[in-house]
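Worksheet for the structure shown next.
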Amino acid sequence: MSKRHLKSIAAPKSWPIKRKEQVFVIRPNPGAHKIENAMPIGLVLKLLSQVKNSKEAKQVINERKVLVNKKPVKDIKSQAGLFDIIEFADKHYRIILNKKGLLSFNEIGKQESNILLYKLAGKTRIKNNKIQLNFHNGVNLLVEKDNYQTNDVLIIEDKKVKDKITFEKGSIAYIIKGKNVGKIARIEEIYNTPPFNKQVTVSIADKKINLPKDYIFLVGKTKPIIELSEK
């Protein structure tokens with residue numbers, strides 16, 4: 001049985017918490033996101049000053065007033081992770097990483113809250129020759145035609161693919177790991193043959209650097225389609 005709480009001092013460094021003010025924080029349930037890229041929704045509500053304690057968080061959640069990616073949350077320990085959309089009290093937030101590598105809550109408008117970005121992590125062929133797309137956040141989606149490649153980012157609306165951002169030269173990416181975390185970059189070169197097939201060259205301002213492909217998350221074709229704070 002997993003423990004219900006986590007010592008603050010042992011929590012991921014990406015969590016924006018004051019570690020010396022309290023001994024324990026809520027431990028998130030296991031989920032699709034890695035623990036360093038997600039927090040329990042009960043903690044998120046506290047950090048956004050919407051509740052004072054876990055009891056209040058449970059009350060709000062039991063009233064089905066908190067949504068993550070358009071679905072009501074049922075447990076204060078449910079994950080809310082990188083690029084997820086959180087909605088409650090007529091407010092909308094997207095979870096991103098700032099330049100300090102901390103998870104942050106970027107307040108967005110209602111219209112943008114409909115833009116769900118899913119990074120393609122892999123594909124599986126199933127019965128009737130259909131393709132199952134497997135995304136970074138654990139979501140799976142069946143499609144008739146295989147028009148997608150790993151690292152593409154799909155724009156999902158009402159469980160359907162509205163558009164896609166192709167993993168190709170010129171696409172705009174948000175850096176989610178490393179010393180350049182939180183910065184916006186443009187893809188300059190993609191390498192598909194060993195030993196560099198796991199790397200990509202990007203430009204940040206006027207500087208070109210090489211990064212592992214899993215360090216970037218596409219956010220636009222020629223410019224970001226979502227609000228991103230680079231603070």
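Naming scheme: A, B, ... for chains in displayed order of the structure tokens; residues 1 onward per chain; ligands 1 onward as shown.
Near Pro30 (chain A), within 10 Å and counting only C-alpha atoms, sit A:Ser2, A:Pro40, A:Lys77, A:Ser78, A:Gln79, not including residues fewer than 6 positions from it in the same chain.
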Residue set, region 27-125 of chain A restricted to alpha helix (DSSP H), as a list in words: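 Checking each residue of region 27-125 of chain A, the alpha helix (DSSP H) ones are Ile41, Gly42, Leu43, Val44, Leu45, Lys46, Leu47, Ser54, Lys55, Glu56, Ala57, Lys58, Gln59, Val60, Ile61 and Asn62 of chain A.
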Ile204 (chain A) environment, 7 Å, only C-alpha atoms, sequence neighbours closer than 6 positions dropped, as a PDB file with N, CA and C atoms, in the first residue's frame:
```pdb
ATOM      1  N   ILE A 184      11.500  29.146 -25.214  1.00  0.00           N
ATOM      2  CA  ILE A 184      10.888  28.816 -26.493  1.00  0.00           C
ATOM      3  C   ILE A 184      11.981  28.707 -27.553  1.00  0.00           C
ATOM      4  N   ALA A 185      11.914  27.675 -28.372  1.00  0.00           N
ATOM      5  CA  ALA A 185      12.959  27.421 -29.372  1.00  0.00           C
ATOM      6  C   ALA A 185      12.337  27.055 -30.720  1.00  0.00           C
ATOM      7  N   ARG A 186      13.148  27.159 -31.761  1.00  0.00           N
ATOM      8  CA  ARG A 186      12.732  26.734 -33.096  1.00  0.00           C
ATOM      9  C   ARG A 186      13.599  25.559 -33.537  1.00  0.00           C
TER      10      ARG A 186
END
```
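Counting only C-alpha atoms and comparing A:Pro212, A:Gly170, A:Pro72, A:Pro12, the residue that lies closest to Ile85 (chain A) is A:Pro72.
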Separation of CA of Asn210 (chain A) and CA of Lys123 (chain A), in Å?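 Answer for the CA of Asn210 (chain A) to CA of Lys123 (chain A) separation: 26.0 Å.
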Excluding region 194-200 of chain A and any residue of its chain fewer than 5 positions from it, enumerate the residues within 8 Å of it, using only C-alpha atoms, and give them as a list in words. Ile187, Glu188, Glu189, Asn210, Leu211, Pro212 and Lys213 of chain A
Find the spatial neighbours of Asn37 (chain A), counting only C-alpha atoms, within a cut-off of 10 Å - ignore same-chain residues fewer than 5 positions away - and output them as a PyMOL selection string. chain A and resi 12+14-15+32+79-83+95-97+101-103+176
Nearest residue to Gly178 (chain A) from the set A:Leu142, A:Ile216, A:Val202, A:Ile108 (distances using only C-alpha atoms):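 Of A:Leu142, A:Ile216, A:Val202, A:Ile108, the one nearest Gly178 (chain A), counting only C-alpha atoms, is A:Ile216.
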Exercise: Phe167 (chain A) partners within 9 Å, only C-alpha atoms, chain neighbours under 4 positions left out, as a PyMOL selection string: chain A and resi 149-153+171+187+190+218
Would you mind exporting N, CA, C and O atoms of the selected residues as a JSON list (two decimals), in the first residue's frame?
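Below you can see part_25.json, which holds the result:
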```json
[["chain", "number", "residue", "atom", "x", "y", "z"],
["A", 149, "GLN", "N", 3.67, 10.80, -36.45],
["A", 149, "GLN", "CA", 4.95, 10.25, -36.05],
["A", 149, "GLN", "C", 5.23, 10.61, -34.60],
["A", 149, "GLN", "O", 4.70, 11.61, -34.08],
["A", 150, "THR", "N", 6.07, 9.82, -33.96],
["A", 150, "THR", "CA", 6.46, 10.08, -32.58],
["A", 150, "THR", "C", 7.02, 11.50, -32.45],
["A", 150, "THR", "O", 7.76, 11.96, -33.31],
["A", 151, "ASN", "N", 6.63, 12.17, -31.38],
["A", 151, "ASN", "CA", 7.02, 13.55, -31.04],
["A", 151, "ASN", "C", 6.13, 14.60, -31.69],
["A", 151, "ASN", "O", 6.24, 15.79, -31.37],
["A", 152, "ASP", "N", 5.23, 14.19, -32.62],
["A", 152, "ASP", "CA", 4.21, 15.13, -33.08],
["A", 152, "ASP", "C", 3.35, 15.52, -31.88],
["A", 152, "ASP", "O", 3.20, 14.75, -30.92],
["A", 153, "VAL", "N", 2.78, 16.70, -31.92],
["A", 153, "VAL", "CA", 1.83, 17.12, -30.89],
["A", 153, "VAL", "C", 0.47, 17.33, -31.56],
["A", 153, "VAL", "O", 0.36, 18.07, -32.54],
["A", 171, "SER", "N", 9.35, 24.02, -36.75],
["A", 171, "SER", "CA", 8.32, 24.00, -35.71],
["A", 171, "SER", "C", 8.82, 24.65, -34.43],
["A", 171, "SER", "O", 10.03, 24.68, -34.16],
["A", 187, "ILE", "N", 12.98, 24.53, -34.10],
["A", 187, "ILE", "CA", 13.74, 23.37, -34.56],
["A", 187, "ILE", "C", 14.51, 23.74, -35.84],
["A", 187, "ILE", "O", 13.93, 24.23, -36.81],
["A", 190, "ILE", "N", 16.81, 17.96, -37.51],
["A", 190, "ILE", "CA", 16.43, 16.71, -36.85],
["A", 190, "ILE", "C", 17.31, 15.60, -37.39],
["A", 190, "ILE", "O", 17.49, 15.46, -38.61],
["A", 218, "LEU", "N", 6.46, 20.36, -28.67],
["A", 218, "LEU", "CA", 6.02, 21.29, -29.71],
["A", 218, "LEU", "C", 4.81, 22.10, -29.27],
["A", 218, "LEU", "O", 3.87, 21.56, -28.68]]
```
Residues at most 10 Å from Ala10 (chain A), counting only C-alpha atoms, excluding those fewer than 6 positions away in the same chain, as a VMD selection string? chain A and resid 19 23 to 25
Generate the output file for the selected residues, N, CA, C and O atoms, as a compact mmCIF listing (two decimals), in the first residue's frame.
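Produced file out_35.txt, reproduced below:
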```txt
# COMPACT_ATOMS: atom_id res chain seq x y z
N ARG A 19 9.33 24.26 1.64
CA ARG A 19 9.62 22.97 2.26
C ARG A 19 9.81 23.03 3.77
O ARG A 19 9.69 22.02 4.46
N VAL A 23 5.81 19.78 7.28
CA VAL A 23 6.59 18.54 7.20
C VAL A 23 6.14 17.68 6.03
O VAL A 23 6.96 17.11 5.31
N PHE A 24 4.81 17.58 5.82
CA PHE A 24 4.29 16.68 4.81
C PHE A 24 3.46 17.41 3.76
O PHE A 24 2.89 18.47 4.02
N VAL A 25 3.41 16.84 2.56
CA VAL A 25 2.51 17.27 1.50
C VAL A 25 1.78 16.04 0.98
O VAL A 25 2.19 14.90 1.25
```
Strand (DSSP E or B) per DSSP on the backbone: members of chain A, as a VMD selection string: chain A and resid 5 to 7 24 to 26 38 to 40 67 to 68 71 to 72 79 to 81 85 to 88 91 to 97 103 to 108 116 to 125 131 to 135 140 to 143 153 to 157 160 to 165 172 to 175 184 to 190 199 to 204 207 to 212 216 to 220
Which residue gives the smallest distance to Lys207 (chain A) among A:Arg94, A:Asn180, A:Leu47, A:Leu133, with only C-alpha atoms counted?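 Once distances to Lys207 (chain A) are computed over only C-alpha atoms, the minimum belongs to A:Asn180.
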Please measure the separation of CA of Ile165 (chain A) and CA of Phe88 (chain A), giving the value in Å to one decimal.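 Those two atoms sit 28.2 Å apart.
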Of the candidates A:Lys46, A:Glu36, A:Asp146, A:Leu141, which one gets nearest to Asn129 (chain A) if we count only C-alpha atoms? A:Asp146
